[in-house]
>>> print(open('data.txt').read())   # compact mmCIF, C-alpha atoms (C1' of nucleotides)
# COMPACT_ATOMS: atom_id res chain seq x y z
CA MET A 355 0.00 0.00 0.00
CA LEU A 356 1.30 3.42 -0.97
CA PRO A 357 1.92 5.74 1.98
CA LYS A 358 -0.54 8.61 2.26
CA ASN A 359 2.00 11.24 1.41
CA TYR A 360 3.12 9.47 -1.72
CA GLN A 361 -0.51 9.12 -2.66
CA LEU A 362 -0.93 12.84 -2.25
CA ILE A 363 2.11 13.52 -4.40
CA TYR A 364 0.74 11.25 -7.06
CA GLU A 365 -2.62 13.00 -6.99
CA ILE A 366 -0.97 16.33 -7.45
CA VAL A 367 1.02 15.19 -10.44
CA GLU A 368 -2.04 13.41 -11.75
CA GLU A 369 -4.35 16.38 -11.37
CA SER A 370 -1.87 18.57 -13.15
CA GLY A 371 -3.08 16.67 -16.18
CA LEU A 372 -1.27 15.29 -19.15
CA GLY A 373 0.81 17.90 -20.83
CA HIS A 374 1.64 19.73 -17.63
CA HIS A 375 4.98 19.47 -15.99
CA LEU A 376 5.70 20.17 -12.36
CA THR A 377 9.04 20.57 -10.66
CA PRO A 378 9.64 19.02 -7.25
CA SER A 379 9.41 22.37 -5.52
CA GLU A 380 6.12 23.18 -7.25
CA ILE A 381 4.82 19.84 -6.14
CA TYR A 382 6.10 20.59 -2.67
CA ALA A 383 4.27 23.91 -2.58
CA LEU A 384 1.02 22.36 -3.79
CA ALA A 385 1.30 19.45 -1.40
CA ARG A 386 1.87 21.69 1.59
CA ARG A 387 -1.40 23.45 0.89
CA ARG A 388 -3.14 20.20 1.69
CA ARG A 389 -0.74 18.86 4.25
CA PRO A 390 1.29 21.62 5.88
CA GLY A 391 4.38 20.34 7.55
CA LEU A 392 5.15 17.94 4.77
CA GLY A 393 8.86 17.89 4.13
CA LEU A 394 10.63 18.48 0.88
CA THR A 395 12.60 15.31 1.50
CA THR A 396 9.38 13.36 1.43
CA VAL A 397 8.45 14.85 -1.91
CA TYR A 398 11.72 13.75 -3.42
CA ARG A 399 11.37 10.31 -1.89
CA GLY A 400 7.81 10.02 -3.09
CA LEU A 401 8.71 11.01 -6.61
CA GLU A 402 11.47 8.46 -6.65
CA ARG A 403 9.08 5.76 -5.55
CA LEU A 404 6.40 6.76 -8.02
CA ARG A 405 8.97 6.80 -10.76
CA ASP A 406 10.08 3.29 -9.85
CA LEU A 407 6.49 2.16 -9.92
CA GLY A 408 6.06 3.73 -13.33
CA LEU A 409 3.28 6.01 -12.14
CA VAL A 410 5.04 9.23 -13.01
CA SER A 411 7.74 10.09 -15.51
CA GLU A 412 10.65 12.37 -15.00
CA LEU A 413 11.55 14.51 -17.93
CA ASN A 414 14.65 16.48 -17.48
CA VAL A 415 15.10 18.86 -20.23
CA PRO A 416 18.41 20.49 -21.05
CA GLY A 417 18.44 24.13 -20.10
CA ALA A 418 15.83 23.76 -17.43
CA ASP A 419 17.28 24.09 -13.97
CA ALA A 420 15.10 21.51 -12.29
CA ALA A 421 13.64 18.17 -13.24
CA ALA A 422 9.97 18.05 -14.14
CA TYR A 423 7.40 15.36 -13.58
CA GLU A 424 4.27 14.34 -15.36
CA PRO A 425 1.82 11.46 -14.96
CA SER A 426 2.84 8.46 -17.01
CA GLY A 427 0.79 8.29 -20.11
CA PRO A 428 1.24 7.20 -23.68
CA ARG A 429 4.81 7.55 -24.88
CA HIS A 430 5.50 10.94 -26.35
CA ALA A 431 8.25 13.44 -26.92
CA HIS A 432 8.76 16.95 -25.58
CA PHE A 433 9.53 20.24 -27.15
CA ARG A 434 11.23 23.02 -25.28
CA CYS A 435 11.37 26.57 -26.53
CA LYS A 436 14.89 27.89 -26.13
CA ARG A 437 13.66 31.40 -25.69
CA CYS A 438 10.76 31.25 -23.26
CA GLY A 439 11.42 27.81 -21.79
CA THR A 440 7.91 26.48 -22.30
CA ILE A 441 7.62 22.75 -22.59
CA GLU A 442 5.05 21.18 -24.89
CA ASP A 443 4.10 17.59 -25.43
CA VAL A 444 4.62 16.21 -28.89
CA ALA A 445 2.84 13.10 -30.06
CA PHE A 446 5.81 11.17 -31.31
CA ALA A 447 7.44 7.92 -30.31
CA ILE A 448 10.00 5.66 -31.86
CA PRO A 449 8.32 2.48 -33.15
CA ALA A 450 8.83 -0.52 -30.91
CA ARG A 451 10.25 -2.45 -33.82
CA THR A 452 13.00 0.10 -34.29
CA LEU A 453 13.82 0.00 -30.61
CA ARG A 454 14.05 -3.77 -30.69
CA LYS A 455 16.41 -3.61 -33.64
CA LEU A 456 18.65 -1.06 -31.95
CA ALA A 457 18.74 -3.03 -28.75
CA ALA A 458 19.58 -6.23 -30.59
CA ALA A 459 22.29 -4.55 -32.62
CA HIS A 460 23.98 -3.08 -29.54
CA GLY A 461 23.40 -5.90 -27.11
CA PHE A 462 21.62 -3.81 -24.53
CA THR A 463 18.07 -3.72 -23.30
CA ILE A 464 16.00 -0.56 -23.61
CA ASP A 465 13.32 0.20 -21.07
CA ALA A 466 13.13 3.94 -21.37
CA GLU A 467 13.24 6.41 -24.19
CA ARG A 468 13.45 10.13 -23.90
CA ILE A 469 13.11 12.50 -26.80
CA THR A 470 13.37 16.23 -26.57
CA PHE A 471 13.28 18.77 -29.33
CA GLY A 472 14.63 22.26 -28.97
CA GLY A 473 13.77 25.35 -30.94
CA ARG A 474 11.39 28.27 -31.00
CA CYS A 475 7.73 27.97 -30.13
CA SER A 476 5.16 29.59 -32.37
CA ALA A 477 4.87 32.65 -30.13
CA CYS A 478 8.61 33.21 -29.93
CA SER A 479 9.39 32.67 -33.59
CA ALA A 480 7.06 35.47 -34.59
CA MET T 1069 39.18 34.33 -33.47
CA LEU T 1070 38.61 31.88 -30.67
CA PRO T 1071 40.53 32.69 -27.48
CA LYS T 1072 43.42 30.34 -26.77
CA ASN T 1073 41.79 28.80 -23.76
CA TYR T 1074 38.59 28.04 -25.59
CA GLN T 1075 40.69 26.52 -28.35
CA LEU T 1076 42.35 24.31 -25.76
CA ILE T 1077 38.99 23.25 -24.37
CA TYR T 1078 37.82 22.43 -27.84
CA GLU T 1079 40.91 20.35 -28.53
CA ILE T 1080 40.38 18.38 -25.37
CA VAL T 1081 36.80 17.57 -26.23
CA GLU T 1082 37.85 16.87 -29.79
CA GLU T 1083 40.68 14.56 -28.86
CA SER T 1084 38.41 12.64 -26.56
CA GLY T 1085 37.03 11.34 -29.82
CA LEU T 1086 33.54 10.67 -30.96
CA GLY T 1087 31.72 8.42 -28.59
CA HIS T 1088 33.48 9.78 -25.52
CA HIS T 1089 31.82 12.11 -23.13
CA LEU T 1090 33.57 14.44 -20.74
CA THR T 1091 32.13 16.36 -17.85
CA PRO T 1092 33.21 19.95 -17.24
CA SER T 1093 35.36 18.95 -14.31
CA GLU T 1094 37.09 16.24 -16.30
CA ILE T 1095 37.78 18.77 -19.00
CA TYR T 1096 39.04 21.14 -16.33
CA ALA T 1097 41.46 18.53 -15.01
CA LEU T 1098 42.76 17.71 -18.48
CA ALA T 1099 43.08 21.35 -19.42
CA ARG T 1100 45.07 22.20 -16.31
CA ARG T 1101 47.64 19.61 -17.24
CA ARG T 1102 48.48 21.74 -20.25
CA ARG T 1103 47.74 25.11 -18.77
CA PRO T 1104 47.98 25.09 -15.00
CA GLY T 1105 46.23 28.00 -13.41
CA LEU T 1106 43.33 27.81 -15.79
CA GLY T 1107 40.11 28.49 -13.93
CA LEU T 1108 37.03 26.34 -13.79
CA THR T 1109 35.01 29.41 -14.67
CA THR T 1110 36.82 29.64 -17.96
CA VAL T 1111 36.00 26.04 -18.74
CA TYR T 1112 32.31 26.67 -18.22
CA ARG T 1113 32.47 29.83 -20.27
CA GLY T 1114 34.39 28.12 -23.01
CA LEU T 1115 31.97 25.24 -23.21
CA GLU T 1116 29.10 27.66 -23.43
CA ARG T 1117 30.75 29.46 -26.29
CA LEU T 1118 31.66 26.28 -28.12
CA ARG T 1119 28.15 25.07 -27.72
CA ASP T 1120 26.78 28.28 -29.18
CA LEU T 1121 29.15 27.92 -32.09
CA GLY T 1122 27.94 24.38 -32.62
CA LEU T 1123 31.42 22.94 -32.14
CA VAL T 1124 30.53 20.78 -29.19
CA SER T 1125 27.29 19.25 -28.04
CA GLU T 1126 26.02 19.03 -24.54
CA LEU T 1127 24.24 15.88 -23.66
CA ASN T 1128 22.69 15.89 -20.29
CA VAL T 1129 21.46 12.54 -19.47
CA PRO T 1130 18.89 11.92 -16.76
CA GLY T 1131 20.42 10.26 -13.76
CA ALA T 1132 23.88 11.62 -14.39
CA ASP T 1133 24.90 14.27 -11.91
CA ALA T 1134 26.80 16.41 -14.36
CA ALA T 1135 26.42 17.42 -17.98
CA ALA T 1136 28.68 15.78 -20.52
CA TYR T 1137 30.19 17.15 -23.69
CA GLU T 1138 31.24 15.61 -26.95
CA PRO T 1139 32.50 17.00 -30.25
CA SER T 1140 29.64 17.77 -32.61
CA GLY T 1141 29.38 15.03 -35.16
CA PRO T 1142 26.67 13.33 -37.11
CA ARG T 1143 23.35 13.28 -35.35
CA HIS T 1144 22.98 10.29 -33.10
CA ALA T 1145 21.27 9.12 -29.95
CA HIS T 1146 22.66 8.03 -26.60
CA PHE T 1147 22.14 5.05 -24.43
CA ARG T 1148 22.73 5.17 -20.70
CA CYS T 1149 22.94 2.05 -18.57
CA LYS T 1150 20.87 2.55 -15.45
CA ARG T 1151 23.12 0.28 -13.45
CA CYS T 1152 26.68 1.28 -14.25
CA GLY T 1153 26.00 4.69 -15.76
CA THR T 1154 28.00 4.12 -18.93
CA ILE T 1155 26.95 6.18 -21.90
CA GLU T 1156 27.14 4.75 -25.40
CA ASP T 1157 26.51 6.35 -28.74
CA VAL T 1158 23.72 4.89 -30.81
CA ALA T 1159 23.52 5.48 -34.53
CA PHE T 1160 19.96 6.68 -34.74
CA ALA T 1161 18.34 9.90 -35.77
CA ILE T 1162 14.83 10.95 -36.57
CA PRO T 1163 14.42 11.52 -40.30
CA ALA T 1164 14.42 15.17 -41.31
CA ARG T 1165 11.11 14.72 -43.05
CA THR T 1166 9.50 13.56 -39.83
CA LEU T 1167 10.93 16.53 -37.99
CA ARG T 1168 9.57 18.91 -40.59
CA LYS T 1169 6.15 17.36 -40.30
CA LEU T 1170 6.15 17.63 -36.53
CA ALA T 1171 7.31 21.23 -36.64
CA ALA T 1172 4.68 22.15 -39.19
CA ALA T 1173 1.94 20.42 -37.24
CA HIS T 1174 2.80 22.21 -34.01
CA GLY T 1175 3.83 25.56 -35.40
CA PHE T 1176 7.28 25.59 -33.87
CA THR T 1177 10.74 25.36 -35.35
CA ILE T 1178 13.07 22.54 -34.37
CA ASP T 1179 16.79 23.11 -34.36
CA ALA T 1180 17.86 20.48 -31.87
CA GLU T 1181 16.90 16.94 -31.11
CA ARG T 1182 18.01 14.89 -28.19
CA ILE T 1183 17.30 11.22 -27.84
CA THR T 1184 18.33 9.14 -24.87
CA PHE T 1185 17.58 5.52 -24.20
CA GLY T 1186 17.79 3.96 -20.78
CA GLY T 1187 18.22 0.35 -19.83
CA ARG T 1188 20.90 -2.22 -19.12
CA CYS T 1189 24.11 -2.49 -21.07
CA SER T 1190 25.28 -5.87 -22.26
CA ALA T 1191 27.68 -6.28 -19.34
CA CYS T 1192 25.09 -5.38 -16.73
CA SER T 1193 22.25 -7.44 -18.12
CA ALA T 1194 24.29 -10.63 -17.81
C1' DG G 29 -4.55 -3.20 25.04
C1' DA G 30 0.78 -3.53 24.98
C1' DC G 31 4.92 -4.81 22.21
C1' DT G 32 7.84 -4.85 18.32
C1' DC G 33 9.60 -4.24 14.04
C1' DT G 34 9.73 -1.74 10.02
C1' DA G 35 8.81 1.87 6.97
C1' DC G 36 8.02 6.57 6.81
C1' DT G 37 8.90 11.24 8.18
C1' DG G 38 10.91 16.11 8.52
C1' DG G 39 14.55 19.34 9.57
C1' DG G 40 18.76 20.72 8.89
C1' DA G 41 23.15 20.11 7.30
C1' DA G 42 25.88 18.67 3.48
C1' DT G 43 26.98 18.10 -1.33
C1' DG G 44 28.15 19.44 -5.64
C1' DA G 45 27.30 21.54 -10.14
C1' DC G 46 27.04 25.68 -11.94
C1' DT G 47 26.81 31.03 -11.99
C1' DT G 48 27.82 35.60 -10.60
C1' DT G 49 30.76 39.23 -9.32
C1' DC G 50 34.59 41.93 -9.64
C1' DA G 51 39.07 43.52 -10.06
C1' DT G 52 42.84 42.49 -13.10
C1' DT G 53 44.96 41.24 -17.51
C1' DT G 54 45.12 40.43 -22.32
C1' DT G 55 43.92 41.41 -27.01
C1' DC G 56 43.81 44.04 -30.96
C1' DA G 57 42.28 47.63 -33.94
C1' DA G 58 42.84 52.55 -34.50
C1' DT X 1438 50.93 53.70 -28.12
C1' DT X 1439 46.47 53.79 -26.35
C1' DG X 1440 42.02 52.74 -25.07
C1' DA X 1441 37.87 50.02 -25.35
C1' DA X 1442 36.20 45.47 -25.34
C1' DA X 1443 36.86 40.80 -24.33
C1' DA X 1444 38.82 37.35 -21.46
C1' DT X 1445 40.44 35.71 -17.08
C1' DG X 1446 40.57 33.51 -12.22
C1' DA X 1447 39.41 33.55 -7.37
C1' DA X 1448 36.06 33.59 -4.27
C1' DA X 1449 31.53 33.92 -2.99
C1' DG X 1450 26.87 32.84 -4.03
C1' DT X 1451 22.85 30.04 -5.69
C1' DC X 1452 20.10 26.28 -5.89
C1' DA X 1453 18.47 21.52 -6.74
C1' DT X 1454 19.10 17.38 -4.69
C1' DT X 1455 20.75 14.05 -1.18
C1' DC X 1456 22.27 12.53 3.35
C1' DC X 1457 21.80 11.89 8.16
C1' DC X 1458 19.45 11.01 12.16
C1' DA X 1459 16.35 10.94 15.65
C1' DG X 1460 11.48 10.72 16.14
C1' DT X 1461 6.83 8.76 14.70
C1' DA X 1462 3.11 6.09 12.66
C1' DG X 1463 1.33 1.65 11.16
C1' DA X 1464 0.86 -3.23 10.51
C1' DG X 1465 1.01 -7.46 12.55
C1' DT X 1466 1.41 -10.36 16.86
C1' DC X 1467 0.58 -11.70 21.38
>>> encode(input="data.txt", output="C-alpha cells")
Amino acid sequence: MLPKNYQLIYEIVEESGLGHHLTPSEIYALARRRRPGLGLTTVYRGLERLRDLGLVSELNVPGADAAAYEPSGPRHAHFRCKRCGTIEDVAFAIPARTLRKLAAAHGFTIDAERITFGGRCSACSA
Amino acid sequence: MLPKNYQLIYEIVEESGLGHHLTPSEIYALARRRRPGLGLTTVYRGLERLRDLGLVSELNVPGADAAAYEPSGPRHAHFRCKRCGTIEDVAFAIPARTLRKLAAAHGFTIDAERITFGGRCSACSA
DNA sequence: GACTCTACTGGGAATGACTTTCATTTTCAA
DNA sequence: TTGAAAATGAAAGTCATTCCCAGTAGAGTC
C-alpha cells in the first residue's frame, strides 16, 4: 500500500493533467497546501518511488534548472522553446520495432526512451 | 578568433574522440595539465561558447549528476545504462522529413533533437 | 490493550554543479 | 601607443538534490 503522502504527491502530479509538468518544488508547494508540515525530502522520496512504480515520468530537459514530472501516459516526446522555456508535449514515439532492432544490434536492453526537441515555439518565432 | 583557452577546451573535447563524453570537471582537469592555473570558470564559459558555435554538443542525461560534452558530429542518440551509468553512442536519428512534419503540425521550429535511451548495457544485463 | 519491528517522516546540514561578481589582464584595432 | 572590449581567475553565491538522524506512525502479533 502506498503511503498517504506518496498518494498525495501522485494525486498532485495526476491532477496537473497530461501535458503539464511540475518541478519538485512546485509539487512541494502544492502538497503543503493540503498537508502543511510535509517535508521536501518526502516529496523527493515520493517522486522516486512513483517513478520506480512507473506512475510518473521524469523529464529532465536540457536548459531547465530543475527536473519536471508528469503522470505516465502514452509515450510521447517533448519540445522546449529555447527562448521562453515552455515545454510542450509532442505526439511522437519511436516504433517498438525500431527499438528492438537497436537493442539487438547493440546488445543492450532498452526500457526507457526520452526524446526532446529544442527550438522556438510559435509565439517566440514570430 | 577563438581565445586560446577556448581553443584548448575544444581540442580536449575533440581529442576525446567521438563516442566519448567528458564532464566539465574532467575537462578542467585535463586542461590544467596543459595550462595550470586555468580556472574552472573559464572552462564553463568556453563550453558555453563552443556550444553556441555548434562545435561541441552538450548531452545531459537523466540520472547523471553532471552534464557531458562531446564534439559535434553526425546526429545520433545516446544510451545510458541505469546500473553502471555508462553512456554509449547509438547510430539513430529521426528523419528530417518527420521533424519537418512535426514542426509544421505544431507551429514551432526545431533546431535540436536529443534522444536518450535507458536500460541495461550488455555487461550489466548478464 | 501492549509490544515490536519496520517503513516513513521532517529538519537541517551537506553536497556538488554551476553562476555571478569583480578587479585584473590580455587582445587588438585605431 | 592607447584605449575600449573581451577574457580571465578567485572567491563567494545560488540552488536543486541528497544525506543523516532521531522521532513517529502503522501493521502485525501476542
>>> closest_residue(input="data.txt", among="X:DT1439, X:DT1466, X:DT1461, X:DT1445", to="chain T", atoms="all atoms listed in the file")
X:DT1445
>>> closest_atom_pairs(input="data.txt", of="chain A", to="chain G", cutoff="10 Å", atoms="all atoms listed in the file", output="Markdown table")
| residue | atom | partner | partner_atom | distance |
| --- | --- | --- | --- | --- |
| A:Pro357 | CA | G:DC36 | C1' | 7.8 |
| A:Lys358 | CA | G:DC36 | C1' | 9.9 |
| A:Asn359 | CA | G:DC36 | C1' | 9.3 |
| A:Gly391 | CA | G:DG38 | C1' | 7.8 |
| A:Leu392 | CA | G:DG38 | C1' | 7.1 |
| A:Gly393 | CA | G:DG38 | C1' | 5.2 |
| A:Leu394 | CA | G:DG38 | C1' | 8.0 |
| A:Thr395 | CA | G:DG38 | C1' | 7.3 |
| A:Thr396 | CA | G:DT37 | C1' | 7.1 |
>>> atom_distance(input="data.txt", atom1="atom CA of A:Ala418", atom2="atom CA of A:Gly439")
7.4 Å
>>> closest_residue(input="data.txt", among="X:DA1447, X:DA1441, X:DA1464, X:DA1459", to="chain A", atoms="all atoms listed in the file")
X:DA1464
>>> calpha_fit_and_write(input="data.txt", fixed="chain A", moving="chain T", output="tab-separated table (two decimals) with C-alpha atoms, in the coordinates of the input")
chain	number	residue	atom	x	y	z
T	1069	MET	CA	0.05	0.07	0.00
T	1070	LEU	CA	1.36	3.47	-0.96
T	1071	PRO	CA	1.95	5.80	1.99
T	1072	LYS	CA	-0.55	8.63	2.26
T	1073	ASN	CA	1.95	11.29	1.43
T	1074	TYR	CA	3.13	9.54	-1.69
T	1075	GLN	CA	-0.50	9.13	-2.67
T	1076	LEU	CA	-0.95	12.87	-2.26
T	1077	ILE	CA	2.10	13.57	-4.39
T	1078	TYR	CA	0.77	11.26	-7.04
T	1079	GLU	CA	-2.61	12.97	-7.02
T	1080	ILE	CA	-0.98	16.34	-7.47
T	1081	VAL	CA	1.02	15.20	-10.45
T	1082	GLU	CA	-2.02	13.39	-11.77
T	1083	GLU	CA	-4.34	16.34	-11.42
T	1084	SER	CA	-1.86	18.55	-13.18
T	1085	GLY	CA	-3.05	16.64	-16.20
T	1086	LEU	CA	-1.23	15.24	-19.14
T	1087	GLY	CA	0.84	17.84	-20.85
T	1088	HIS	CA	1.65	19.68	-17.64
T	1089	HIS	CA	4.98	19.44	-15.98
T	1090	LEU	CA	5.70	20.19	-12.35
T	1091	THR	CA	9.02	20.63	-10.66
T	1092	PRO	CA	9.61	19.10	-7.23
T	1093	SER	CA	9.34	22.46	-5.54
T	1094	GLU	CA	6.08	23.25	-7.27
T	1095	ILE	CA	4.76	19.91	-6.14
T	1096	TYR	CA	6.03	20.68	-2.66
T	1097	ALA	CA	4.15	23.99	-2.61
T	1098	LEU	CA	0.93	22.39	-3.83
T	1099	ALA	CA	1.23	19.50	-1.42
T	1100	ARG	CA	1.74	21.77	1.57
T	1101	ARG	CA	-1.53	23.49	0.83
T	1102	ARG	CA	-3.26	20.22	1.63
T	1103	ARG	CA	-0.85	18.93	4.20
T	1104	PRO	CA	1.12	21.72	5.83
T	1105	GLY	CA	4.23	20.51	7.54
T	1106	LEU	CA	5.03	18.08	4.78
T	1107	GLY	CA	8.76	18.06	4.16
T	1108	LEU	CA	10.56	18.63	0.91
T	1109	THR	CA	12.51	15.47	1.59
T	1110	THR	CA	9.32	13.49	1.48
T	1111	VAL	CA	8.43	14.97	-1.87
T	1112	TYR	CA	11.74	13.88	-3.34
T	1113	ARG	CA	11.38	10.45	-1.81
T	1114	GLY	CA	7.84	10.12	-3.02
T	1115	LEU	CA	8.72	11.11	-6.55
T	1116	GLU	CA	11.51	8.58	-6.56
T	1117	ARG	CA	9.15	5.87	-5.46
T	1118	LEU	CA	6.47	6.83	-7.94
T	1119	ARG	CA	9.02	6.87	-10.66
T	1120	ASP	CA	10.19	3.39	-9.74
T	1121	LEU	CA	6.61	2.22	-9.80
T	1122	GLY	CA	6.18	3.73	-13.23
T	1123	LEU	CA	3.36	6.00	-12.07
T	1124	VAL	CA	5.08	9.23	-12.95
T	1125	SER	CA	7.77	10.08	-15.44
T	1126	GLU	CA	10.67	12.37	-14.93
T	1127	LEU	CA	11.60	14.48	-17.86
T	1128	ASN	CA	14.71	16.44	-17.40
T	1129	VAL	CA	15.13	18.80	-20.17
T	1130	PRO	CA	18.46	20.39	-21.01
T	1131	GLY	CA	18.51	24.04	-20.12
T	1132	ALA	CA	15.90	23.73	-17.41
T	1133	ASP	CA	17.33	24.12	-13.94
T	1134	ALA	CA	15.11	21.56	-12.29
T	1135	ALA	CA	13.63	18.21	-13.24
T	1136	ALA	CA	9.97	18.08	-14.12
T	1137	TYR	CA	7.41	15.37	-13.54
T	1138	GLU	CA	4.28	14.32	-15.34
T	1139	PRO	CA	1.85	11.43	-14.93
T	1140	SER	CA	2.92	8.42	-16.97
T	1141	GLY	CA	0.85	8.26	-20.10
T	1142	PRO	CA	1.30	7.15	-23.65
T	1143	ARG	CA	4.83	7.48	-24.89
T	1144	HIS	CA	5.51	10.89	-26.34
T	1145	ALA	CA	8.27	13.39	-26.90
T	1146	HIS	CA	8.80	16.89	-25.54
T	1147	PHE	CA	9.55	20.18	-27.10
T	1148	ARG	CA	11.26	22.95	-25.19
T	1149	CYS	CA	11.39	26.52	-26.45
T	1150	LYS	CA	14.91	27.84	-26.04
T	1151	ARG	CA	13.65	31.37	-25.57
T	1152	CYS	CA	10.77	31.19	-23.12
T	1153	GLY	CA	11.44	27.75	-21.68
T	1154	THR	CA	7.93	26.41	-22.20
T	1155	ILE	CA	7.65	22.67	-22.52
T	1156	GLU	CA	5.08	21.13	-24.83
T	1157	ASP	CA	4.13	17.53	-25.38
T	1158	VAL	CA	4.65	16.17	-28.86
T	1159	ALA	CA	2.85	13.07	-30.03
T	1160	PHE	CA	5.81	11.13	-31.31
T	1161	ALA	CA	7.42	7.88	-30.35
T	1162	ILE	CA	9.96	5.62	-31.94
T	1163	PRO	CA	8.31	2.47	-33.26
T	1164	ALA	CA	8.82	-0.57	-31.05
T	1165	ARG	CA	10.23	-2.49	-33.97
T	1166	THR	CA	12.95	0.09	-34.44
T	1167	LEU	CA	13.79	-0.06	-30.77
T	1168	ARG	CA	14.06	-3.83	-30.89
T	1169	LYS	CA	16.38	-3.63	-33.84
T	1170	LEU	CA	18.61	-1.09	-32.15
T	1171	ALA	CA	18.73	-3.12	-28.95
T	1172	ALA	CA	19.56	-6.29	-30.83
T	1173	ALA	CA	22.26	-4.59	-32.86
T	1174	HIS	CA	23.97	-3.16	-29.80
T	1175	GLY	CA	23.39	-5.98	-27.37
T	1176	PHE	CA	21.63	-3.90	-24.75
T	1177	THR	CA	18.07	-3.82	-23.52
T	1178	ILE	CA	16.01	-0.66	-23.80
T	1179	ASP	CA	13.34	0.07	-21.25
T	1180	ALA	CA	13.16	3.83	-21.52
T	1181	GLU	CA	13.28	6.34	-24.29
T	1182	ARG	CA	13.49	10.06	-23.95
T	1183	ILE	CA	13.14	12.43	-26.84
T	1184	THR	CA	13.43	16.17	-26.55
T	1185	PHE	CA	13.31	18.73	-29.30
T	1186	GLY	CA	14.64	22.24	-28.93
T	1187	GLY	CA	13.78	25.33	-30.88
T	1188	ARG	CA	11.37	28.24	-30.89
T	1189	CYS	CA	7.72	27.94	-30.01
T	1190	SER	CA	5.14	29.57	-32.23
T	1191	ALA	CA	4.85	32.62	-29.98
T	1192	CYS	CA	8.59	33.17	-29.78
T	1193	SER	CA	9.36	32.66	-33.44
T	1194	ALA	CA	7.02	35.49	-34.42
>>> atom_distance(input="data.txt", atom1="atom CA of T:His1088", atom2="atom CA of T:Arg1165")
28.8 Å
>>> closest_residue(input="data.txt", among="X:DG1465, X:DG1440, X:DG1460, X:DG1446", to="chain T", atoms="only C-alpha atoms (C1' of nucleotides)")
X:DG1446
>>> interface_residues(input="data.txt", of="chain X", to="chain A", cutoff="10 Å", atoms="only C-alpha atoms (C1' of nucleotides)", output="PyMOL selection string")
chain X and resi 1452-1455
>>> interface_residues(input="data.txt", of="chain T", to="chain A", cutoff="6 Å", atoms="only C-alpha atoms", output="ChimeraX atom specification")
/T:1175-1190
>>> atom_distance(input="data.txt", atom1="atom CA of T:Ser1125", atom2="atom CA of T:Ser1140")
5.3 Å
>>> axis_aligned_box(input="data.txt", around="stretch 1167-1176 of chain T", padding_each_side="5 Å", output="lines of an AutoDock Vina configuration file")
center_x = 6.4
center_y = 21.1
center_z = -37.2
size_x = 19.0
size_y = 19.1
size_z = 16.7
>>> residues_near_point(input="data.txt", point="(35.0, 14.4, -33.9)", cutoff="12 Å", atoms="all atoms listed in the file", output="PyMOL selection string")
chain T and resi 1078-1089+1123-1125+1137-1143
>>> decode(input="data.txt", residues="stretch 383-413 of chain A", atoms="C-alpha atoms", output="short mmCIF file (atom, residue, chain, number, x, y, z; two decimals), in the first residue's frame")
data_model
loop_
_atom_site.label_atom_id
_atom_site.label_comp_id
_atom_site.auth_asym_id
_atom_site.auth_seq_id
_atom_site.Cartn_x
_atom_site.Cartn_y
_atom_site.Cartn_z
CA ALA A 383 4.27 23.91 -2.58
CA LEU A 384 1.02 22.36 -3.79
CA ALA A 385 1.30 19.45 -1.40
CA ARG A 386 1.87 21.69 1.59
CA ARG A 387 -1.40 23.45 0.89
CA ARG A 388 -3.14 20.20 1.69
CA ARG A 389 -0.74 18.86 4.25
CA PRO A 390 1.29 21.62 5.88
CA GLY A 391 4.38 20.34 7.55
CA LEU A 392 5.15 17.94 4.77
CA GLY A 393 8.86 17.89 4.13
CA LEU A 394 10.63 18.48 0.88
CA THR A 395 12.60 15.31 1.50
CA THR A 396 9.38 13.36 1.43
CA VAL A 397 8.45 14.85 -1.91
CA TYR A 398 11.72 13.75 -3.42
CA ARG A 399 11.37 10.31 -1.89
CA GLY A 400 7.81 10.02 -3.09
CA LEU A 401 8.71 11.01 -6.61
CA GLU A 402 11.47 8.46 -6.65
CA ARG A 403 9.08 5.76 -5.55
CA LEU A 404 6.40 6.76 -8.02
CA ARG A 405 8.97 6.80 -10.76
CA ASP A 406 10.08 3.29 -9.85
CA LEU A 407 6.49 2.16 -9.92
CA GLY A 408 6.06 3.73 -13.33
CA LEU A 409 3.28 6.01 -12.14
CA VAL A 410 5.04 9.23 -13.01
CA SER A 411 7.74 10.09 -15.51
CA GLU A 412 10.65 12.37 -15.00
CA LEU A 413 11.55 14.51 -17.93
#
